[in-house]
Amino acid sequence: MSASRQRTQVAIIGGGPAGLLLSHILDQQGIDTIVLERQSKDYVLARIRAGVLEAGSVQLLRDVGLGARMDQHGKPKDGTGIVWQNKPAFYINTAEWTGKQIMAYGQTAITEDLYAARERDGGHIINEAANVALHDLTSDTPHVTYEKDGVICRIDCDFVAACDGFHGIGRQSIPSDVLKTFERVYPFGWLGIMAKVPPLPDFVYAYHEKGFALAAQRNPMLSRYYVQCDATDTIDAWSDDRFWDELLARFPSDMASQIVTGPSIEKSIAPLRSFVAEPMQYGRMYLAGDAAHVVPPTGAKGLNLAFSDIYYLSRGFIEHYKNTRAHYLETYSQMALRRVWSAVNLSWRLTKLLHRFPQEDPFDERIRQNDYDLLLTSPAVQSALAHEYVGLPYED
Ligand code: FAS
Ligand code: PHB
């Protein structure tokens, strides 16, 4: 088998939103990167995931020249609704309490924008890179190996950025006596569908004794809807008719009557977990995005956390190469984790608020009802949720 050898400053593992954004930002600063992605570009672009951008993510994308299509096709929203069985509706009014809006713009579109920018700028992205392995991470000369088209390839680098998601190789390269993990696996999943029908005007979370539901959107003729399902459910058990019946039953009738149904063009079940790995650094390897943390999508934080990680990590690399200072690289893990745990906390609280858990007792349900009553009546609670939902500020 032949071999090849390359060199770069930052080897990036994973060509999802985190890896592509990091490559884009570093390229703008003249810092050389190579992105290794194990899937094809089409496979990555076919993934349907997040739909809500925090204000900080919107600003970051604009600041690095990736805001054009988002500002053309994305929809700014003053907040997100919550409807509740037999109680008044609530609106997480981020515009009123924080002066900031969220943006409805899908992760798929963002990934398309990122790939387009990297290809325009001559970014070095290697798709279908197999068997990526990380070496000498605690030395000053780490390197990465991978296989492509039957060739064993080696990349010598200064740093490795593991942006390879929850199932990636980066986190697995941290010794078990160094790595600490924290996890909650939820006893239910989200069944999501995409349908070419006009969406509701806003994102709306629904609490109902039959289960959680969510009305979301991608564009004026593309709706995304979710219902809570058993963790063991498969999509074969969910015909379109069953899905729509369940969804409509979980919304108040006045809102259900506004929901346009139609044939699904995509249907998938996402398992829900809260997961954090500490530290987000090992030697000259840095973890970012789902490689380091996963949240239940209830707070729409997963993709946004990946972006704030990349904001912090890119700042560290830029400081290293431009000023030969190490402050932001040395403090990356602690700084990123402060924001990670805040998002994990919110996602856990919203998931507990909006989902009935098996084996709950009447005490749990009373606490849930009281939490919602507080949200309806307390300006302090409403303001706090709005500030967390729109996204806490990035640290200087
Ligand atoms: P990603 O997982 O997106 O990207 C990692 C990349 O690394 C992938 O392309 C993968 O192929 C590649 N990779 C993995 N191992 C590799 C290896 N060994 N070598 C090379 N490449 C490797 N977030 C929300 O905010 N809202 C949602 O509704 C939502 N829904 C989701 C549904 C699902 C099914 C999943 C899995 C996640 C969802 N998320 C949602 C979270 C999601 O959006 C992530 O937060 C986001 O994709 C994180 O981006 P990355 O960190 O880049 O990880
Ligand atoms: C989505 O648009 O897919 C979406 C929106 C809000 C969430 C989760 C998912 O909390």
# chains A, B, ... in the order shown; residues from 1 in each chain; ligands from 1

$ residues_near_ligand --ligand "ligand 2" --cutoff "9 Å" --atoms "only C-alpha atoms and all ligand atoms" --output "ChimeraX atom specification"
/A:48-53,80,104-107,192,203-205,214-218,223-226,296-302,347

$ residues_near_ligand --ligand "ligand 1" --cutoff "6 Å" --atoms "only C-alpha atoms and all ligand atoms" --output "number ranges by chain"
A: 13-19, 36-39, 44, 49-51, 132, 163-165, 167-169, 270, 289-291, 297, 300-303, 306

$ residues_around --residues "A:Ile92" --least-positions-apart "3" --cutoff "10 Å" --atoms "only C-alpha atoms" --output "count of residues only"
18

$ residues_around --residues "A:Val83" --least-positions-apart "5" --cutoff "9 Å" --atoms "only C-alpha atoms" --output "list in words"
Pro88, Ala89, Phe90, Tyr91, Val204, Tyr205, Ala206, Tyr207, His208, Phe251 and Pro252 of chain A

$ write_last_selection --atoms "N, CA, C and O atoms" --output "short mmCIF file (atom, residue, chain, number, x, y, z; two decimals), in the first residue's frame"
data_model
loop_
_atom_site.label_atom_id
_atom_site.label_comp_id
_atom_site.auth_asym_id
_atom_site.auth_seq_id
_atom_site.Cartn_x
_atom_site.Cartn_y
_atom_site.Cartn_z
N PRO A 88 -53.05 28.67 29.80
CA PRO A 88 -52.77 29.68 28.75
C PRO A 88 -51.42 29.43 28.10
O PRO A 88 -50.52 28.83 28.70
N ALA A 89 -51.29 29.90 26.88
CA ALA A 89 -50.02 29.78 26.15
C ALA A 89 -49.02 30.79 26.71
O ALA A 89 -49.39 31.77 27.38
N PHE A 90 -47.72 30.54 26.47
CA PHE A 90 -46.65 31.44 26.89
C PHE A 90 -45.74 31.68 25.70
O PHE A 90 -45.64 30.85 24.80
N TYR A 91 -45.06 32.84 25.70
CA TYR A 91 -44.12 33.14 24.62
C TYR A 91 -42.79 33.53 25.24
O TYR A 91 -42.72 34.48 26.04
N VAL A 204 -43.07 26.40 18.23
CA VAL A 204 -43.94 26.23 19.40
C VAL A 204 -43.68 24.87 20.05
O VAL A 204 -43.80 23.83 19.39
N TYR A 205 -43.31 24.90 21.35
CA TYR A 205 -43.18 23.68 22.13
C TYR A 205 -44.55 23.39 22.76
O TYR A 205 -45.24 24.30 23.18
N ALA A 206 -44.93 22.12 22.79
CA ALA A 206 -46.23 21.76 23.36
C ALA A 206 -46.05 20.74 24.48
O ALA A 206 -45.37 19.71 24.30
N TYR A 207 -46.65 21.04 25.66
CA TYR A 207 -46.70 20.07 26.76
C TYR A 207 -48.10 19.45 26.79
O TYR A 207 -49.10 20.19 26.79
N HIS A 208 -48.16 18.13 26.82
CA HIS A 208 -49.47 17.47 26.88
C HIS A 208 -49.31 16.11 27.56
O HIS A 208 -48.22 15.52 27.51
N PHE A 251 -51.48 19.54 20.55
CA PHE A 251 -51.59 21.01 20.51
C PHE A 251 -53.02 21.41 20.87
O PHE A 251 -53.97 20.67 20.60
N PRO A 252 -53.21 22.60 21.47
CA PRO A 252 -54.58 23.07 21.72
C PRO A 252 -55.35 23.15 20.40
O PRO A 252 -54.75 23.42 19.36
#

$ closest_residue --among "A:Gln85, A:Thr108, A:Gln72, A:Thr94" --to "A:Ala46" --atoms "only C-alpha atoms"
A:Thr108

$ residues_around --residues "A:Pro393" --least-positions-apart "2" --cutoff "10 Å" --atoms "only C-alpha atoms" --output "PyMOL selection string"
chain A and resi 55-56+308+339+387-388+390-391+395-396

$ residues_around --residues "stretch 341-345 of chain A" --least-positions-apart "3" --cutoff "7 Å" --atoms "only C-alpha atoms" --output "list in words"
Ser274, Val295, Lys301, Leu337, Arg338, Trp348 and Arg349 of chain A

$ write_last_selection --atoms "all heavy atoms" --output "PDB file, in the first residue's frame"
ATOM      1  N   SER A 274     -28.018  13.944  27.644  1.00  0.00           N
ATOM      2  CA  SER A 274     -27.158  15.064  28.058  1.00  0.00           C
ATOM      3  C   SER A 274     -25.799  14.446  28.320  1.00  0.00           C
ATOM      4  O   SER A 274     -25.712  13.428  29.028  1.00  0.00           O
ATOM      5  CB  SER A 274     -27.692  15.700  29.345  1.00  0.00           C
ATOM      6  OG  SER A 274     -28.977  16.247  29.134  1.00  0.00           O
ATOM      7  N   VAL A 295     -26.573  17.726  23.955  1.00  0.00           N
ATOM      8  CA  VAL A 295     -27.725  18.149  24.750  1.00  0.00           C
ATOM      9  C   VAL A 295     -29.020  17.665  24.078  1.00  0.00           C
ATOM     10  O   VAL A 295     -29.061  17.526  22.855  1.00  0.00           O
ATOM     11  CB  VAL A 295     -27.797  19.687  24.894  1.00  0.00           C
ATOM     12  CG1 VAL A 295     -26.734  20.190  25.842  1.00  0.00           C
ATOM     13  CG2 VAL A 295     -27.696  20.368  23.539  1.00  0.00           C
ATOM     14  N   LYS A 301     -29.830  23.993  21.602  1.00  0.00           N
ATOM     15  CA  LYS A 301     -28.494  24.455  21.990  1.00  0.00           C
ATOM     16  C   LYS A 301     -27.345  23.711  21.296  1.00  0.00           C
ATOM     17  O   LYS A 301     -26.226  24.224  21.274  1.00  0.00           O
ATOM     18  CB  LYS A 301     -28.320  24.307  23.508  1.00  0.00           C
ATOM     19  CG  LYS A 301     -29.189  25.257  24.322  1.00  0.00           C
ATOM     20  CD  LYS A 301     -28.881  26.700  23.986  1.00  0.00           C
ATOM     21  CE  LYS A 301     -29.841  27.671  24.645  1.00  0.00           C
ATOM     22  NZ  LYS A 301     -29.751  29.014  24.074  1.00  0.00           N
ATOM     23  N   LEU A 337     -16.342  25.211  28.772  1.00  0.00           N
ATOM     24  CA  LEU A 337     -17.188  24.382  29.660  1.00  0.00           C
ATOM     25  C   LEU A 337     -18.154  25.221  30.487  1.00  0.00           C
ATOM     26  O   LEU A 337     -19.257  24.765  30.810  1.00  0.00           O
ATOM     27  CB  LEU A 337     -16.314  23.515  30.567  1.00  0.00           C
ATOM     28  CG  LEU A 337     -15.725  22.265  29.888  1.00  0.00           C
ATOM     29  CD1 LEU A 337     -14.636  21.625  30.751  1.00  0.00           C
ATOM     30  CD2 LEU A 337     -16.831  21.246  29.569  1.00  0.00           C
ATOM     31  N   ARG A 338     -17.785  26.463  30.813  1.00  0.00           N
ATOM     32  CA  ARG A 338     -18.743  27.298  31.555  1.00  0.00           C
ATOM     33  C   ARG A 338     -20.005  27.503  30.732  1.00  0.00           C
ATOM     34  O   ARG A 338     -21.128  27.397  31.218  1.00  0.00           O
ATOM     35  CB  ARG A 338     -18.102  28.648  31.921  1.00  0.00           C
ATOM     36  CG  ARG A 338     -17.160  28.573  33.111  1.00  0.00           C
ATOM     37  CD  ARG A 338     -16.801  29.965  33.631  1.00  0.00           C
ATOM     38  NE  ARG A 338     -15.869  30.670  32.760  1.00  0.00           N
ATOM     39  CZ  ARG A 338     -14.537  30.565  32.835  1.00  0.00           C
ATOM     40  NH1 ARG A 338     -13.989  29.736  33.711  1.00  0.00           N
ATOM     41  NH2 ARG A 338     -13.753  31.278  32.035  1.00  0.00           N
ATOM     42  N   TRP A 348     -31.649  20.561  30.143  1.00  0.00           N
ATOM     43  CA  TRP A 348     -32.155  19.564  31.106  1.00  0.00           C
ATOM     44  C   TRP A 348     -33.442  20.089  31.748  1.00  0.00           C
ATOM     45  O   TRP A 348     -34.451  19.404  31.827  1.00  0.00           O
ATOM     46  CB  TRP A 348     -31.068  19.311  32.150  1.00  0.00           C
ATOM     47  CG  TRP A 348     -31.418  18.705  33.464  1.00  0.00           C
ATOM     48  CD1 TRP A 348     -31.193  19.243  34.698  1.00  0.00           C
ATOM     49  CD2 TRP A 348     -32.043  17.424  33.722  1.00  0.00           C
ATOM     50  NE1 TRP A 348     -31.607  18.401  35.690  1.00  0.00           N
ATOM     51  CE2 TRP A 348     -32.155  17.274  35.129  1.00  0.00           C
ATOM     52  CE3 TRP A 348     -32.519  16.413  32.901  1.00  0.00           C
ATOM     53  CZ2 TRP A 348     -32.717  16.151  35.719  1.00  0.00           C
ATOM     54  CZ3 TRP A 348     -33.084  15.289  33.513  1.00  0.00           C
ATOM     55  CH2 TRP A 348     -33.175  15.166  34.893  1.00  0.00           C
ATOM     56  N   ARG A 349     -33.450  21.379  32.134  1.00  0.00           N
ATOM     57  CA  ARG A 349     -34.637  21.945  32.779  1.00  0.00           C
ATOM     58  C   ARG A 349     -35.818  22.007  31.810  1.00  0.00           C
ATOM     59  O   ARG A 349     -36.960  21.657  32.155  1.00  0.00           O
ATOM     60  CB  ARG A 349     -34.324  23.335  33.331  1.00  0.00           C
ATOM     61  CG  ARG A 349     -33.523  23.278  34.630  1.00  0.00           C
ATOM     62  CD  ARG A 349     -33.314  24.664  35.214  1.00  0.00           C
ATOM     63  NE  ARG A 349     -32.229  25.382  34.573  1.00  0.00           N
ATOM     64  CZ  ARG A 349     -32.339  26.556  33.977  1.00  0.00           C
ATOM     65  NH1 ARG A 349     -33.514  27.143  33.905  1.00  0.00           N
ATOM     66  NH2 ARG A 349     -31.289  27.148  33.438  1.00  0.00           N
TER      67      ARG A 349
END

$ atom_distance --atom1 "atom CA of A:Gln334" --atom2 "atom CA of A:Phe166"
19.6 Å

$ select_by_dssp --residues "stretch 137-331 of chain A" --states "helix (DSSP H, G or I)" --output "ChimeraX atom specification"
/A:171-173,235-237,240-250,253-256,289-291,297-299,302-323,327-330

$ select_by_dssp --residues "stretch 56-220 of chain A" --states "strand (DSSP E)" --output "number ranges by chain"
A: 75-77, 79-84, 87-93, 102-104, 125-126, 130-135, 143-148, 151-156, 159-162, 180-195, 204-207, 213-219

$ closest_residue --among "A:Trp190, A:Thr138, A:Lys180, A:Leu21" --to "A:Ala116" --atoms "only C-alpha atoms"
A:Leu21

$ decode --residues "stretch 165-212 of chain A" --atoms "N, CA and C atoms" --output "compact mmCIF listing (two decimals), in the first residue's frame"
# COMPACT_ATOMS: atom_id res chain seq x y z
N GLY A 165 -17.82 14.98 16.44
CA GLY A 165 -19.12 14.54 16.91
C GLY A 165 -19.07 13.52 18.04
N PHE A 166 -20.27 13.12 18.47
CA PHE A 166 -20.38 12.27 19.66
C PHE A 166 -19.69 10.92 19.47
N HIS A 167 -19.68 10.42 18.25
CA HIS A 167 -19.11 9.08 18.01
C HIS A 167 -17.70 9.16 17.42
N GLY A 168 -17.08 10.33 17.52
CA GLY A 168 -15.79 10.53 16.88
C GLY A 168 -14.62 9.89 17.61
N ILE A 169 -13.43 10.08 17.03
CA ILE A 169 -12.20 9.46 17.56
C ILE A 169 -11.51 10.34 18.58
N GLY A 170 -11.80 11.66 18.53
CA GLY A 170 -11.05 12.60 19.36
C GLY A 170 -11.18 12.31 20.84
N ARG A 171 -12.41 12.25 21.32
CA ARG A 171 -12.62 12.06 22.76
C ARG A 171 -12.06 10.71 23.21
N GLN A 172 -12.17 9.73 22.28
CA GLN A 172 -11.67 8.38 22.62
C GLN A 172 -10.14 8.35 22.73
N SER A 173 -9.49 9.43 22.27
CA SER A 173 -8.02 9.47 22.32
C SER A 173 -7.52 10.04 23.65
N ILE A 174 -8.44 10.44 24.51
CA ILE A 174 -8.05 10.95 25.83
C ILE A 174 -8.03 9.78 26.81
N PRO A 175 -6.93 9.54 27.50
CA PRO A 175 -6.84 8.39 28.42
C PRO A 175 -7.96 8.41 29.47
N SER A 176 -8.44 7.24 29.83
CA SER A 176 -9.58 7.14 30.75
C SER A 176 -9.25 7.72 32.12
N ASP A 177 -7.98 7.77 32.48
CA ASP A 177 -7.64 8.34 33.80
C ASP A 177 -7.56 9.87 33.74
N VAL A 178 -7.68 10.42 32.55
CA VAL A 178 -7.69 11.88 32.39
C VAL A 178 -9.12 12.39 32.14
N LEU A 179 -9.88 11.61 31.35
CA LEU A 179 -11.20 12.05 30.90
C LEU A 179 -12.26 11.80 31.97
N LYS A 180 -13.09 12.82 32.21
CA LYS A 180 -14.26 12.65 33.08
C LYS A 180 -15.50 12.91 32.22
N THR A 181 -16.51 12.02 32.34
CA THR A 181 -17.73 12.24 31.56
C THR A 181 -18.94 12.30 32.49
N PHE A 182 -19.95 13.04 32.06
CA PHE A 182 -21.18 13.24 32.82
C PHE A 182 -22.34 12.99 31.86
N GLU A 183 -23.32 12.17 32.26
CA GLU A 183 -24.32 11.77 31.27
C GLU A 183 -25.71 11.55 31.88
N ARG A 184 -26.72 11.89 31.14
CA ARG A 184 -28.11 11.51 31.38
C ARG A 184 -28.64 10.98 30.07
N VAL A 185 -29.15 9.77 30.06
CA VAL A 185 -29.81 9.23 28.87
C VAL A 185 -31.31 9.26 29.14
N TYR A 186 -32.07 9.87 28.24
CA TYR A 186 -33.50 10.08 28.49
C TYR A 186 -34.30 8.86 28.05
N PRO A 187 -35.38 8.55 28.77
CA PRO A 187 -36.17 7.35 28.45
C PRO A 187 -37.19 7.61 27.35
N PHE A 188 -36.85 8.47 26.41
CA PHE A 188 -37.74 8.73 25.28
C PHE A 188 -36.90 9.35 24.15
N GLY A 189 -37.48 9.43 22.96
CA GLY A 189 -36.79 10.06 21.83
C GLY A 189 -37.69 11.10 21.19
N TRP A 190 -37.18 11.75 20.17
CA TRP A 190 -37.97 12.67 19.36
C TRP A 190 -38.09 12.07 17.96
N LEU A 191 -39.35 11.87 17.55
CA LEU A 191 -39.61 11.48 16.17
C LEU A 191 -39.84 12.76 15.37
N GLY A 192 -38.97 13.00 14.41
CA GLY A 192 -39.07 14.23 13.62
C GLY A 192 -39.47 13.92 12.18
N ILE A 193 -40.30 14.80 11.61
CA ILE A 193 -40.59 14.67 10.16
C ILE A 193 -40.37 16.00 9.48
N MET A 194 -40.13 15.93 8.21
CA MET A 194 -40.07 17.11 7.35
C MET A 194 -41.22 16.98 6.36
N ALA A 195 -41.96 18.05 6.11
CA ALA A 195 -43.08 18.00 5.15
C ALA A 195 -43.13 19.31 4.37
N LYS A 196 -43.43 19.20 3.08
CA LYS A 196 -43.47 20.40 2.23
C LYS A 196 -44.82 21.09 2.36
N VAL A 197 -45.04 21.61 3.55
CA VAL A 197 -46.28 22.34 3.84
C VAL A 197 -45.90 23.62 4.59
N PRO A 198 -46.74 24.65 4.52
CA PRO A 198 -46.41 25.89 5.23
C PRO A 198 -46.41 25.68 6.74
N PRO A 199 -45.38 26.17 7.43
CA PRO A 199 -45.28 25.98 8.88
C PRO A 199 -46.14 26.98 9.64
N LEU A 200 -46.24 26.75 10.96
CA LEU A 200 -46.83 27.78 11.83
C LEU A 200 -45.91 29.00 11.80
N PRO A 201 -46.41 30.17 12.18
CA PRO A 201 -45.56 31.38 12.14
C PRO A 201 -44.35 31.28 13.05
N ASP A 202 -44.52 30.66 14.22
CA ASP A 202 -43.42 30.57 15.19
C ASP A 202 -43.06 29.13 15.53
N PHE A 203 -41.89 28.95 16.15
CA PHE A 203 -41.57 27.67 16.78
C PHE A 203 -42.48 27.56 18.01
N VAL A 204 -43.07 26.40 18.23
CA VAL A 204 -43.94 26.23 19.40
C VAL A 204 -43.68 24.87 20.05
N TYR A 205 -43.31 24.90 21.35
CA TYR A 205 -43.18 23.68 22.13
C TYR A 205 -44.55 23.39 22.76
N ALA A 206 -44.93 22.12 22.79
CA ALA A 206 -46.23 21.76 23.36
C ALA A 206 -46.05 20.74 24.48
N TYR A 207 -46.65 21.04 25.66
CA TYR A 207 -46.70 20.07 26.76
C TYR A 207 -48.10 19.45 26.79
N HIS A 208 -48.16 18.13 26.82
CA HIS A 208 -49.47 17.47 26.88
C HIS A 208 -49.31 16.11 27.56
N GLU A 209 -50.35 15.65 28.19
CA GLU A 209 -50.27 14.36 28.90
C GLU A 209 -49.94 13.22 27.94
N LYS A 210 -50.26 13.40 26.66
CA LYS A 210 -49.92 12.36 25.68
C LYS A 210 -48.44 12.40 25.31
N GLY A 211 -47.77 13.55 25.60
CA GLY A 211 -46.35 13.68 25.28
C GLY A 211 -46.03 15.03 24.67
N PHE A 212 -44.73 15.28 24.59
CA PHE A 212 -44.21 16.54 24.05
C PHE A 212 -44.39 16.59 22.53
